[in-house]
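Colleague: To be precise about what I am sending: the file is called coords-v6.txt and holds compact mmCIF, C-alpha atoms.
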# COMPACT_ATOMS: atom_id res chain seq x y z
CA MET A 1 0.00 0.00 0.00
CA SER A 2 1.43 3.35 -0.99
CA GLY A 3 -0.17 6.62 0.14
CA ARG A 4 -3.72 7.45 1.07
CA LYS A 5 -6.43 6.29 -1.34
CA ALA A 6 -9.35 8.31 -2.60
CA GLU A 7 -11.90 5.53 -1.98
CA VAL A 8 -11.94 2.10 -0.37
CA TRP A 9 -14.65 -0.53 -0.11
CA VAL A 10 -14.89 -2.36 3.21
CA GLY A 11 -16.67 -5.70 3.42
CA ILE A 12 -17.54 -7.11 6.85
CA ASP A 13 -18.42 -10.74 7.46
CA ALA A 14 -20.39 -10.28 10.69
CA GLY A 15 -20.73 -12.84 13.46
CA LYS A 16 -21.75 -13.15 17.11
CA GLY A 17 -18.31 -13.32 18.70
CA HIS A 18 -16.23 -11.58 16.08
CA HIS A 19 -16.33 -9.98 12.63
CA TRP A 20 -13.85 -10.10 9.79
CA ALA A 21 -13.28 -6.93 7.78
CA ALA A 22 -11.49 -6.57 4.45
CA ALA A 23 -10.81 -3.35 2.53
CA VAL A 24 -10.13 -3.16 -1.22
CA ASP A 25 -9.21 -0.26 -3.49
CA GLU A 26 -10.61 0.67 -6.92
CA THR A 27 -8.55 -2.08 -8.58
CA GLY A 28 -9.75 -4.82 -6.23
CA ALA A 29 -6.46 -5.14 -4.38
CA THR A 30 -6.69 -5.97 -0.69
CA LEU A 31 -5.46 -3.13 1.50
CA TRP A 32 -6.51 -4.36 4.93
CA SER A 33 -7.90 -7.64 6.27
CA LYS A 34 -8.26 -8.42 9.94
CA LYS A 35 -10.37 -10.21 12.53
CA ILE A 36 -12.34 -7.85 14.81
CA GLU A 37 -13.80 -8.90 18.15
CA ASN A 38 -17.40 -7.86 18.74
CA ASP A 39 -16.29 -5.37 21.38
CA GLU A 40 -16.64 -1.60 21.34
CA ALA A 41 -12.98 -0.75 21.95
CA VAL A 42 -11.72 -3.24 19.35
CA ILE A 43 -14.27 -2.08 16.75
CA LEU A 44 -13.35 1.58 17.31
CA THR A 45 -9.65 0.77 16.87
CA ALA A 46 -10.32 -1.06 13.60
CA LEU A 47 -12.66 1.73 12.47
CA GLY A 48 -9.88 4.27 12.96
CA GLU A 49 -7.42 2.19 10.97
CA LEU A 50 -9.88 1.73 8.11
CA LEU A 51 -10.82 5.41 7.95
CA ASP A 52 -7.12 6.29 7.71
CA LEU A 53 -6.82 4.27 4.49
CA ALA A 54 -8.78 6.64 2.26
CA ASP A 55 -10.71 9.88 2.07
CA LYS A 56 -14.00 8.01 1.63
CA ALA A 57 -14.98 4.51 2.80
CA HIS A 58 -17.91 2.45 1.50
CA TRP A 59 -19.15 -0.11 4.02
CA ALA A 60 -21.02 -3.37 3.39
CA VAL A 61 -22.15 -6.11 5.79
CA ASP A 62 -23.90 -9.44 5.27
CA ILE A 63 -25.97 -9.36 8.49
CA SER A 64 -28.22 -6.51 9.59
CA GLY A 65 -29.56 -8.14 12.77
CA THR A 66 -28.50 -8.33 16.38
CA SER A 67 -25.01 -9.72 15.61
CA SER A 68 -24.00 -6.51 13.86
CA ALA A 69 -26.03 -4.07 15.98
CA LEU A 70 -23.03 -2.67 17.90
CA LEU A 71 -20.96 -2.42 14.74
CA LEU A 72 -23.67 -0.56 12.81
CA ALA A 73 -24.34 1.78 15.73
CA LEU A 74 -20.65 2.72 15.95
CA LEU A 75 -20.51 3.29 12.19
CA ALA A 76 -23.55 5.57 12.37
CA ALA A 77 -22.05 7.46 15.31
CA HIS A 78 -19.01 8.26 13.13
CA GLY A 79 -21.06 9.38 10.15
CA GLN A 80 -20.60 6.17 8.17
CA GLN A 81 -23.42 4.27 6.45
CA ALA A 82 -23.36 0.61 5.45
CA VAL A 83 -25.23 -1.33 2.79
CA TYR A 84 -26.69 -4.80 3.19
CA VAL A 85 -25.30 -7.54 0.91
CA PRO A 86 -27.53 -10.65 1.25
CA GLY A 87 -25.88 -13.94 2.10
CA ARG A 88 -27.28 -15.55 -1.05
CA THR A 89 -25.53 -12.91 -3.15
CA VAL A 90 -22.25 -13.49 -1.32
CA ASN A 91 -22.56 -17.24 -1.84
CA ARG A 92 -23.12 -16.89 -5.57
CA MET A 93 -20.45 -14.25 -6.04
CA SER A 94 -17.87 -16.45 -4.31
CA GLY A 95 -17.82 -18.67 -7.41
CA ALA A 96 -16.62 -15.76 -9.52
CA TYR A 97 -13.32 -15.52 -7.63
CA ARG A 98 -10.34 -17.83 -7.63
CA GLY A 99 -10.17 -20.67 -5.12
CA GLU A 100 -12.72 -22.83 -3.36
CA ALA A 101 -11.85 -21.97 0.24
CA LYS A 102 -14.63 -20.91 2.59
CA THR A 103 -13.17 -18.59 5.23
CA ASP A 104 -14.28 -15.43 6.98
CA ALA A 105 -11.48 -13.49 5.32
CA ARG A 106 -12.55 -14.62 1.85
CA ASP A 107 -16.21 -13.86 2.57
CA ALA A 108 -15.29 -10.36 3.73
CA TYR A 109 -13.26 -9.83 0.54
CA VAL A 110 -16.17 -11.04 -1.62
CA ILE A 111 -18.56 -8.67 0.22
CA ALA A 112 -16.21 -5.74 -0.39
CA GLU A 113 -15.76 -6.61 -4.06
CA THR A 114 -19.49 -7.12 -4.58
CA SER A 115 -20.28 -3.72 -3.08
CA ARG A 116 -17.57 -2.18 -5.28
CA HIS A 117 -19.16 -3.53 -8.46
CA ARG A 118 -22.79 -3.05 -7.50
CA ARG A 119 -24.29 0.22 -6.27
CA ASP A 120 -27.90 -0.91 -5.89
CA PHE A 121 -27.77 -2.51 -2.44
CA ALA A 122 -30.12 -1.16 0.23
CA THR A 123 -28.59 1.03 2.90
CA ILE A 124 -28.91 0.00 6.54
CA ASP A 125 -30.37 2.63 8.82
CA VAL A 126 -29.86 2.31 12.56
CA PRO A 127 -33.46 2.28 13.87
CA ALA A 128 -34.74 5.03 16.09
CA GLN A 129 -35.62 4.25 19.70
CA LEU A 130 -39.33 3.73 18.92
CA ALA A 131 -38.63 1.39 16.01
CA ALA A 132 -36.10 -0.56 18.08
CA ASP A 133 -38.62 -0.94 20.92
CA LEU A 134 -41.31 -2.20 18.52
CA ALA A 135 -38.85 -4.61 16.91
CA LEU A 136 -38.01 -6.17 20.28
CA LEU A 137 -41.62 -6.31 21.45
CA THR A 138 -42.99 -7.86 18.24
CA ALA A 139 -40.16 -10.40 18.12
CA HIS A 140 -40.84 -11.38 21.73
CA ARG A 141 -44.56 -11.68 20.98
CA SER A 142 -43.81 -13.99 18.03
CA ASP A 143 -41.72 -16.20 20.33
CA LEU A 144 -44.54 -16.36 22.89
CA MET A 145 -47.09 -17.23 20.19
CA ALA A 146 -44.82 -20.01 18.95
CA ASP A 147 -44.51 -21.32 22.53
CA ARG A 148 -48.30 -21.28 22.91
CA VAL A 149 -48.86 -23.25 19.70
CA ARG A 150 -46.21 -25.75 20.73
CA MET A 151 -47.78 -26.23 24.18
CA ILE A 152 -51.27 -26.76 22.77
CA ASN A 153 -50.01 -29.25 20.20
CA ARG A 154 -48.07 -31.11 22.90
CA LEU A 155 -51.12 -31.18 25.19
CA ARG A 156 -53.34 -32.58 22.44
CA ASP A 157 -50.75 -35.18 21.51
CA VAL A 158 -50.31 -36.44 25.08
CA LEU A 159 -54.04 -36.39 25.72
CA THR A 160 -54.69 -38.38 22.55
CA GLY A 161 -52.44 -41.13 23.87
CA VAL A 162 -54.45 -41.65 27.06
CA PHE A 163 -57.90 -40.07 26.57
CA PRO A 164 -58.69 -39.47 22.87
CA ALA A 165 -62.39 -38.83 23.48
CA LEU A 166 -61.63 -35.85 25.71
CA GLU A 167 -59.06 -34.54 23.24
CA ARG A 168 -61.76 -34.44 20.55
CA ALA A 169 -64.34 -32.86 22.84
CA PHE A 170 -62.82 -29.36 23.11
CA ASP A 171 -60.87 -26.81 21.13
CA TYR A 172 -58.10 -26.18 23.62
CA SER A 173 -56.67 -23.21 21.72
CA ASN A 174 -59.53 -20.93 22.86
CA HIS A 175 -61.45 -22.80 25.57
CA LYS A 176 -60.49 -21.61 29.05
CA GLY A 177 -62.99 -23.91 30.76
CA ALA A 178 -61.50 -27.05 29.21
CA LEU A 179 -57.98 -26.04 30.26
CA THR A 180 -59.19 -25.31 33.79
CA LEU A 181 -60.82 -28.73 33.96
CA LEU A 182 -57.57 -30.40 32.85
CA THR A 183 -55.64 -28.83 35.71
CA GLY A 184 -57.63 -31.02 38.08
CA TYR A 185 -58.89 -34.02 36.09
CA GLN A 186 -57.25 -35.65 33.09
CA LEU A 187 -58.27 -39.33 33.11
CA PRO A 188 -61.68 -40.94 32.43
CA ALA A 189 -61.75 -42.93 35.69
CA ALA A 190 -61.11 -39.81 37.78
CA ILE A 191 -63.83 -37.87 35.96
CA ARG A 192 -66.40 -40.65 36.46
CA ARG A 193 -65.61 -40.94 40.17
CA ARG A 194 -65.97 -37.22 40.66
CA GLY A 195 -69.52 -36.99 39.33
CA ARG A 196 -71.20 -34.16 37.50
CA ALA A 197 -71.99 -31.92 40.47
CA ARG A 198 -68.50 -31.87 41.94
CA LEU A 199 -66.97 -31.80 38.46
CA THR A 200 -68.95 -28.64 37.70
CA ALA A 201 -67.73 -27.03 40.91
CA TRP A 202 -64.05 -27.32 39.93
CA PRO A 203 -64.10 -24.87 36.97
CA ALA A 204 -66.97 -22.81 38.44
CA ASN A 205 -64.93 -21.99 41.57
CA ARG A 206 -62.15 -20.76 39.27
CA GLY A 207 -64.27 -18.23 37.43
CA VAL A 208 -65.25 -20.29 34.38
CA ARG A 209 -68.60 -19.49 32.80
CA GLY A 210 -70.59 -22.41 31.42
CA ALA A 211 -68.94 -24.81 33.85
CA ASP A 212 -71.93 -27.17 33.75
CA ALA A 213 -71.61 -27.64 29.97
CA VAL A 214 -67.87 -28.30 30.33
CA ALA A 215 -68.50 -30.92 33.02
CA ALA A 216 -71.26 -32.59 31.01
CA THR A 217 -69.03 -32.86 27.91
CA ALA A 218 -66.12 -34.26 29.91
CA LEU A 219 -68.37 -36.79 31.68
CA GLU A 220 -69.79 -37.95 28.35
CA ALA A 221 -66.26 -38.49 27.02
CA ALA A 222 -65.30 -40.39 30.19
CA GLN A 223 -68.29 -42.74 29.84
CA ALA A 224 -67.10 -43.62 26.34
CA GLN A 225 -63.72 -44.96 27.57
CA GLN A 226 -63.54 -47.63 30.27
CA THR A 227 -60.01 -48.85 29.52
CA ALA A 228 -56.94 -47.60 31.38
CA LEU A 229 -53.94 -47.17 29.08
CA PRO A 230 -50.24 -47.65 29.94
CA GLY A 231 -48.43 -44.55 31.19
CA GLU A 232 -51.62 -42.62 31.86
CA ASP A 233 -50.53 -41.46 35.33
CA VAL A 234 -47.39 -39.75 33.99
CA ALA A 235 -49.35 -38.41 31.01
CA ALA A 236 -51.93 -36.92 33.40
CA GLN A 237 -49.19 -34.99 35.21
CA ILE A 238 -47.87 -33.62 31.92
CA VAL A 239 -51.34 -32.61 30.75
CA ALA A 240 -52.08 -30.86 34.05
CA ASP A 241 -48.78 -28.98 33.86
CA LEU A 242 -49.38 -27.85 30.27
CA ALA A 243 -52.99 -26.87 31.02
CA ALA A 244 -51.73 -24.60 33.81
CA GLN A 245 -48.99 -23.02 31.68
CA ILE A 246 -51.18 -22.05 28.71
CA PRO A 247 -53.45 -19.58 30.61
CA ALA A 248 -50.36 -18.06 32.24
CA LEU A 249 -48.88 -17.60 28.78
CA ASP A 250 -52.12 -16.01 27.60
CA ASP A 251 -51.83 -13.45 30.41
CA ARG A 252 -48.29 -12.62 29.29
CA LEU A 253 -49.52 -12.18 25.72
CA LYS A 254 -52.25 -9.79 26.87
CA ARG A 255 -49.70 -7.68 28.72
CA ILE A 256 -47.29 -7.52 25.79
CA ASP A 257 -50.15 -6.75 23.38
CA LYS A 258 -51.09 -3.81 25.57
CA GLN A 259 -47.48 -2.64 25.67
CA ILE A 260 -47.15 -2.94 21.88
CA GLY A 261 -50.36 -0.96 21.40
CA GLU A 262 -49.22 1.85 23.71
CA THR A 263 -45.78 2.00 22.09
CA PHE A 264 -47.15 1.89 18.55
CA ARG A 265 -49.65 4.70 19.17
CA SER A 266 -46.78 7.00 20.11
CA HIS A 267 -45.53 6.68 16.51
CA PRO A 268 -46.26 9.90 14.53
CA GLN A 269 -47.94 7.95 11.70
CA ALA A 270 -49.83 5.47 13.89
CA GLU A 271 -53.22 7.11 13.32
CA ILE A 272 -52.79 6.91 9.54
CA ILE A 273 -51.66 3.27 9.59
CA GLU A 274 -54.40 2.17 11.98
CA SER A 275 -57.06 3.92 9.91
CA MET A 276 -56.64 1.28 7.20
CA PRO A 277 -59.34 -1.41 7.61
CA GLY A 278 -57.83 -4.59 9.03
CA MET A 279 -54.70 -2.86 10.33
CA GLY A 280 -54.70 -2.92 14.14
CA PRO A 281 -51.91 -1.98 16.56
CA ILE A 282 -50.17 -5.38 16.34
CA LEU A 283 -50.03 -5.49 12.53
CA GLY A 284 -49.30 -1.77 12.52
CA ALA A 285 -46.28 -2.29 14.77
CA GLU A 286 -45.04 -5.15 12.58
CA PHE A 287 -45.47 -2.92 9.54
CA VAL A 288 -43.33 -0.17 11.10
CA VAL A 289 -40.63 -2.72 11.93
CA ALA A 290 -40.69 -4.51 8.55
CA ALA A 291 -41.09 -1.50 6.25
CA GLY A 292 -38.65 0.86 7.94
CA ASP A 293 -38.52 4.43 6.70
CA LEU A 294 -41.11 4.81 3.93
CA ALA A 295 -39.33 7.93 2.69
CA ALA A 296 -36.86 5.56 1.06
CA TYR A 297 -39.59 4.23 -1.27
CA ALA A 298 -39.77 6.35 -4.42
CA ASP A 299 -43.27 5.26 -5.42
CA ALA A 300 -46.07 2.89 -4.41
CA GLY A 301 -44.50 0.00 -6.31
CA TYR A 302 -41.49 -0.21 -4.01
CA PRO A 303 -43.26 -1.35 -0.80
CA ALA A 304 -45.38 -3.79 -2.85
CA SER A 305 -42.24 -5.19 -4.46
CA ALA A 306 -40.49 -5.44 -1.08
CA ALA A 307 -43.47 -7.49 0.16
CA GLY A 308 -43.35 -9.84 -2.82
CA LEU A 309 -46.73 -8.69 -4.16
CA VAL A 310 -45.42 -7.80 -7.64
CA PRO A 311 -44.91 -10.65 -10.16
CA VAL A 312 -41.47 -11.02 -11.73
CA PRO A 313 -41.05 -11.47 -15.52
CA ARG A 314 -39.46 -14.68 -16.73
CA ASP A 315 -38.80 -14.37 -20.44
CA SER A 316 -36.30 -16.19 -22.62
CA GLY A 317 -35.96 -16.14 -26.38
CA ARG A 318 -39.35 -16.15 -28.01
CA ARG A 319 -41.10 -16.74 -24.69
CA THR A 320 -42.44 -13.42 -23.48
CA GLY A 321 -45.07 -12.33 -21.01
CA ASN A 322 -44.26 -15.04 -18.47
CA LEU A 323 -44.60 -14.03 -14.83
CA HIS A 324 -43.75 -15.92 -11.66
CA ARG A 325 -43.84 -15.38 -7.93
CA PRO A 326 -40.77 -13.56 -6.56
CA LYS A 327 -38.37 -15.43 -4.31
CA ARG A 328 -36.52 -12.57 -2.64
CA TYR A 329 -38.80 -10.39 -0.54
CA SER A 330 -39.63 -9.56 3.06
CA ARG A 331 -41.76 -12.42 4.42
CA ARG A 332 -42.71 -10.34 7.41
CA LEU A 333 -43.94 -7.42 5.30
CA ARG A 334 -45.87 -9.77 3.03
CA ARG A 335 -47.55 -11.32 6.07
CA VAL A 336 -48.61 -7.86 7.32
CA PHE A 337 -50.28 -6.94 4.02
CA TYR A 338 -51.84 -10.39 3.56
CA MET A 339 -53.26 -10.67 7.08
CA SER A 340 -54.61 -7.12 7.07
CA ALA A 341 -56.20 -7.66 3.64
CA GLN A 342 -57.83 -10.88 4.79
CA THR A 343 -59.20 -9.17 7.89
CA SER A 344 -60.51 -6.19 5.92
CA ILE A 345 -62.87 -8.30 3.78
CA ILE A 346 -64.95 -9.30 6.79
CA ARG A 347 -66.84 -6.00 6.81
CA GLU A 348 -68.65 -4.18 4.04
CA GLY A 349 -66.63 -1.57 2.20
CA PRO A 350 -64.27 -1.01 -0.73
CA ASN A 351 -61.92 -3.79 0.41
CA ARG A 352 -64.67 -6.41 0.39
CA ASP A 353 -66.04 -5.07 -2.90
CA PHE A 354 -62.64 -5.42 -4.58
CA TYR A 355 -62.21 -8.94 -3.17
CA LEU A 356 -65.63 -10.03 -4.46
CA LYS A 357 -64.82 -8.46 -7.83
CA LYS A 358 -61.68 -10.58 -8.11
CA ARG A 359 -63.56 -13.70 -7.06
CA GLY A 360 -66.12 -12.92 -9.77
CA GLU A 361 -63.30 -12.75 -12.31
CA GLY A 362 -62.37 -16.35 -11.47
CA CYS A 363 -59.61 -15.80 -8.89
CA LYS A 364 -59.31 -18.21 -5.98
CA HIS A 365 -59.42 -16.93 -2.41
CA VAL A 366 -55.64 -16.62 -1.99
CA GLN A 367 -55.24 -14.95 -5.39
CA ALA A 368 -57.99 -12.44 -4.61
CA VAL A 369 -56.50 -11.61 -1.20
CA ILE A 370 -53.02 -11.10 -2.72
CA ALA A 371 -54.52 -8.79 -5.36
CA LEU A 372 -56.25 -6.83 -2.59
CA ALA A 373 -53.02 -6.70 -0.58
CA ARG A 374 -51.21 -5.25 -3.60
CA ARG A 375 -53.86 -2.56 -3.94
CA ARG A 376 -53.76 -1.78 -0.21
CA ALA A 377 -49.96 -1.40 -0.29
CA SER A 378 -50.32 1.39 -2.84
CA ALA A 379 -53.14 2.99 -0.86
CA LEU A 380 -51.19 2.94 2.41
CA TRP A 381 -48.12 4.43 0.72
CA ALA A 382 -50.26 7.25 -0.67
CA LEU A 383 -51.86 7.91 2.73
CA LEU A 384 -48.48 8.11 4.44
CA ARG A 385 -47.15 10.35 1.68
CA ASP A 386 -50.07 12.77 1.96
CA GLY A 387 -50.40 12.54 5.74
CA ARG A 388 -54.12 11.74 5.76
CA THR A 389 -56.23 8.93 7.18
CA PHE A 390 -58.20 6.35 5.21
CA THR A 391 -61.76 7.11 4.14
CA SER A 392 -64.16 4.92 2.17
CA ALA A 393 -64.94 7.77 -0.25
CA PRO A 394 -62.14 8.73 -2.68
CA PRO A 395 -60.55 12.16 -2.11
CA VAL A 396 -61.82 15.10 -4.14
CA THR A 397 -59.49 15.93 -7.01
CA GLN A 398 -58.42 19.57 -6.98
CA ALA A 399 -58.22 21.51 -10.22
CA ALA A 400 -54.73 22.51 -11.26
Please rewrite the model in this file as structure tokens.
Modeller:
Amino acid sequence: MSGRKAEVWVGIDAGKGHHWAAAVDETGATLWSKKIENDEAVILTALGELLDLADKAHWAVDISGTSSALLLALLAAHGQQAVYVPGRTVNRMSGAYRGEAKTDARDAYVIAETSRHRRDFATIDVPAQLAADLALLTAHRSDLMADRVRMINRLRDVLTGVFPALERAFDYSNHKGALTLLTGYQLPAAIRRRGRARLTAWPANRGVRGADAVAATALEAAQAQQTALPGEDVAAQIVADLAAQIPALDDRLKRIDKQIGETFRSHPQAEIIESMPGMGPILGAEFVVAAGDLAAYADAGYPASAAGLVPVPRDSGRRTGNLHRPKRYSRRLRRVFYMSAQTSIIREGPNRDFYLKKRGEGCKHVQAVIALARRRASALWALLRDGRTFTSAPPVTQAA
């Protein structure tokens, strides 16, 4: 290396414990390559060395999540902005360079070279405090929902092995009375011995409405099975434990839903987002996290494309006009638009009218909902651009 360069491109292969950074000049020659511990002091030292290489540094990383959060925050604090190079792109670009080795140093070099050749990668913005809070809260809520589904599936599986009639009798995903009953009685013999009157008292004393109907259903299932199955005593303990955990998990979900709603409504555009039919505080918070800064979208097609709602052409030779579903898009953003569109068709209004129109044209349910989601993406972008809330009647066009 001789003298200070005008520009360098720095590629960073990010990781949990350490990162590897490589800097290349305009010819692709490696100027700097070193392992960096994921520690503030070490990162600042490496940042100083890299900034001394050239007048301007272009930064690129392959991970924009929690592993690189400290690194990105320190870059932003020093007026540097990084772009995101997807891992799939790095993997495919590796074949264009000599050698077959797979090392952190080589990956960092490929990231730097890829960012040098391509200028269309999305920039990574360090989220504001509100966006960071919503990201953590919605991620935690997703984990709790996954735990709830897993517990219910496990409860049904264990119960099927010892008392299939009772497993079929209730929908345990939204039946508090059935779960309350299972905390005390899980086996057919125990339910028969208890009797209907005392069986009704168990959920009734714990605040369950319709306890008599729950007891009657459970007693009917118990009368249908007279055989004791192997391992039922241990299975009963597991069922009772799971039945007690699910309501406690529901209480945690209610608290976090309330916290998400309060945090989301402090967002300056929350009223506009929530005015869209089918877009509540939970989906609104996920939209803020998944979409990021909408000022970066030049027109209404960009958020729809980011959500995978725009078909991609697939032409070759004489074959033209072929479209297929995109493969690279934000699954989270697509889920927000799809779920909100599906919810919006429940009530009368322009959303339901458009859905029924598409069904009348021969589209299946999923196709019609995706078409509606594409239309809603454009509408939401326009509302956020103009700073106005959604109304069923179209806005009055002003004369020029």
Colleague: At a cut-off of 12 Å, can you tabulate as a Markdown table every residue of region 56-165 of chain A near region 316-328 of chain A together with its closest atom pair and the distance in Å to one decimal, using only C-alpha atoms and ordering rows by chain then number?
Modeller:
| residue | atom | partner | partner_atom | distance |
| --- | --- | --- | --- | --- |
| A:Pro86 | CA | A:Arg328 | CA | 10.0 |
| A:Gly87 | CA | A:Arg328 | CA | 11.7 |
| A:Arg88 | CA | A:Arg328 | CA | 9.8 |
| A:Thr89 | CA | A:Arg328 | CA | 11.0 |
Colleague: Figure out the distance between CA of Ile63 (chain A) and CA of Ala23 (chain A), please, to one decimal in Å.
Modeller: 17.4 Å
Colleague: What's around region 244-257 of chain A at 7 Å? Count only C-alpha atoms, leave out sequence neighbours fewer than 4 positions away in its own chain, and write the answer as an MDAnalysis selection string.
Modeller: chainID A and resid 141 148 183 240 261
Colleague: Between CA of Asp55 (chain A) and CA of Arg98 (chain A), measure the distance and give it in Å to one decimal.
Modeller: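 Going from CA of Asp55 (chain A) over to CA of Arg98 (chain A), I get 29.4 Å.
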Colleague: Please check which residues have atoms at most 10 Å from (-23.5, -4.9, 6.8) in the file's coordinates, counting all atoms listed in the file, and write them as an mmCIF file with C-alpha atoms, keeping the file's coordinate frame.
Modeller:
data_model
loop_
_atom_site.group_PDB
_atom_site.id
_atom_site.type_symbol
_atom_site.label_atom_id
_atom_site.label_comp_id
_atom_site.auth_asym_id
_atom_site.auth_seq_id
_atom_site.Cartn_x
_atom_site.Cartn_y
_atom_site.Cartn_z
ATOM 1 C CA VAL A 10 -14.890 -2.360 3.210
ATOM 2 C CA GLY A 11 -16.670 -5.700 3.420
ATOM 3 C CA ILE A 12 -17.540 -7.110 6.850
ATOM 4 C CA ASP A 13 -18.420 -10.740 7.460
ATOM 5 C CA ALA A 14 -20.390 -10.280 10.690
ATOM 6 C CA TRP A 59 -19.150 -0.110 4.020
ATOM 7 C CA ALA A 60 -21.020 -3.370 3.390
ATOM 8 C CA VAL A 61 -22.150 -6.110 5.790
ATOM 9 C CA ASP A 62 -23.900 -9.440 5.270
ATOM 10 C CA ILE A 63 -25.970 -9.360 8.490
ATOM 11 C CA SER A 64 -28.220 -6.510 9.590
ATOM 12 C CA GLY A 65 -29.560 -8.140 12.770
ATOM 13 C CA SER A 68 -24.000 -6.510 13.860
ATOM 14 C CA ALA A 69 -26.030 -4.070 15.980
ATOM 15 C CA LEU A 71 -20.960 -2.420 14.740
ATOM 16 C CA LEU A 72 -23.670 -0.560 12.810
ATOM 17 C CA GLN A 81 -23.420 4.270 6.450
ATOM 18 C CA ALA A 82 -23.360 0.610 5.450
ATOM 19 C CA VAL A 83 -25.230 -1.330 2.790
ATOM 20 C CA TYR A 84 -26.690 -4.800 3.190
ATOM 21 C CA VAL A 85 -25.300 -7.540 0.910
ATOM 22 C CA PRO A 86 -27.530 -10.650 1.250
ATOM 23 C CA ILE A 111 -18.560 -8.670 0.220
ATOM 24 C CA THR A 123 -28.590 1.030 2.900
ATOM 25 C CA ILE A 124 -28.910 0.000 6.540
#
Colleague: Restricting the calculation to only C-alpha atoms, which member of A:Val162, A:Leu309, A:Ala218, A:Ile272 is positioned closest to Gln237 (chain A)?
Modeller: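 Smallest distance to Gln237 (chain A) is found for A:Val162.
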Colleague: For Leu187 (chain A), which of A:Asp212, A:Glu232, A:Asp241, A:Glu220 is the closest residue, counting all atoms listed in the file?
Modeller: A:Glu232
Colleague: Take every atom of region 296-304 of chain A listed in the file, pad by 4 Å on each side, and give me the axis-aligned box centre and edge lengths in Å, one decimal, as lines of an AutoDock Vina configuration file.
Modeller:
center_x = -41.5
center_y = 1.3
center_z = -2.6
size_x = 17.2
size_y = 18.1
size_z = 15.4
Colleague: Looking at A:Met279, A:Val288, A:Ala197, A:Val158, which one is nearest to Arg332 (chain A), with distances taken over all atoms listed in the file?
Modeller: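 Of the candidates, the smallest distance to Arg332 (chain A) is held by A:Val288.
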Colleague: Could you please determine the separation between CA of Gly349 (chain A) and CA of Thr391 (chain A) in Å, to one decimal place?
Modeller: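 Here the two named atoms are 10.1 Å from each other.
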Colleague: Using only C-alpha atoms, which protein or nucleic acid residues come within 10 Å of Ala190 (chain A)? Drop anything in the same chain fewer than 6 positions from it, and give the result as a list in words.
Modeller: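 Listing them by chain and then by number gives Gly184, Leu199, Leu219 and Ala222 of chain A.
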Colleague: Pick the closest to Ala73 (chain A) from A:Ala290, A:Trp381, A:Trp32, A:Glu40: which is it, counting all atoms listed in the file?
Modeller: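 Answer, going by the shortest atom-to-atom distance: A:Glu40.
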Colleague: For Val310 (chain A), please output as a list in words all residues within 10 Å (counting all atoms listed in the file; exclusion window: fewer than 3 positions along the same chain).
Modeller: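 So, after excluding close chain neighbours, the residues are Gly301, Tyr302, Pro303, Ala304, Ser305, Ala306, Ala307, Pro313, Leu323, His324, Arg325, Pro326, Ile370, Ala371 and Arg374 of chain A.
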Colleague: Using only C-alpha atoms, which of the listed residues (A:Leu384, A:Gly95, A:Ala76, A:Pro230) sits closest to Ala128 (chain A)?
Modeller: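 Going through A:Leu384, A:Gly95, A:Ala76, A:Pro230 one by one, the smallest distance to Ala128 (chain A) is for A:Ala76.
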Colleague: Please write as a CSV table (one decimal) with C-alpha atoms, in the frame of the given file the list of polymer residues whose atoms come within 12 Å of (-68.8, -30.5, 23.7), counting only C-alpha atoms and keeping to the coordinates of the file.
Modeller:
chain,number,residue,atom,x,y,z
A,165,ALA,CA,-62.4,-38.8,23.5
A,166,LEU,CA,-61.6,-35.8,25.7
A,167,GLU,CA,-59.1,-34.5,23.2
A,168,ARG,CA,-61.8,-34.4,20.6
A,169,ALA,CA,-64.3,-32.9,22.8
A,170,PHE,CA,-62.8,-29.4,23.1
A,171,ASP,CA,-60.9,-26.8,21.1
A,172,TYR,CA,-58.1,-26.2,23.6
A,175,HIS,CA,-61.4,-22.8,25.6
A,177,GLY,CA,-63.0,-23.9,30.8
A,178,ALA,CA,-61.5,-27.0,29.2
A,210,GLY,CA,-70.6,-22.4,31.4
A,211,ALA,CA,-68.9,-24.8,33.8
A,212,ASP,CA,-71.9,-27.2,33.8
A,213,ALA,CA,-71.6,-27.6,30.0
A,214,VAL,CA,-67.9,-28.3,30.3
A,215,ALA,CA,-68.5,-30.9,33.0
A,216,ALA,CA,-71.3,-32.6,31.0
A,217,THR,CA,-69.0,-32.9,27.9
A,218,ALA,CA,-66.1,-34.3,29.9
A,219,LEU,CA,-68.4,-36.8,31.7
A,220,GLU,CA,-69.8,-38.0,28.4
A,221,ALA,CA,-66.3,-38.5,27.0
Colleague: Closest to Ala131 (chain A) among A:Leu144, A:Met93, A:Val289, A:Ala236, using all atoms listed in the file?
Modeller: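 Smallest distance to Ala131 (chain A) is found for A:Val289.
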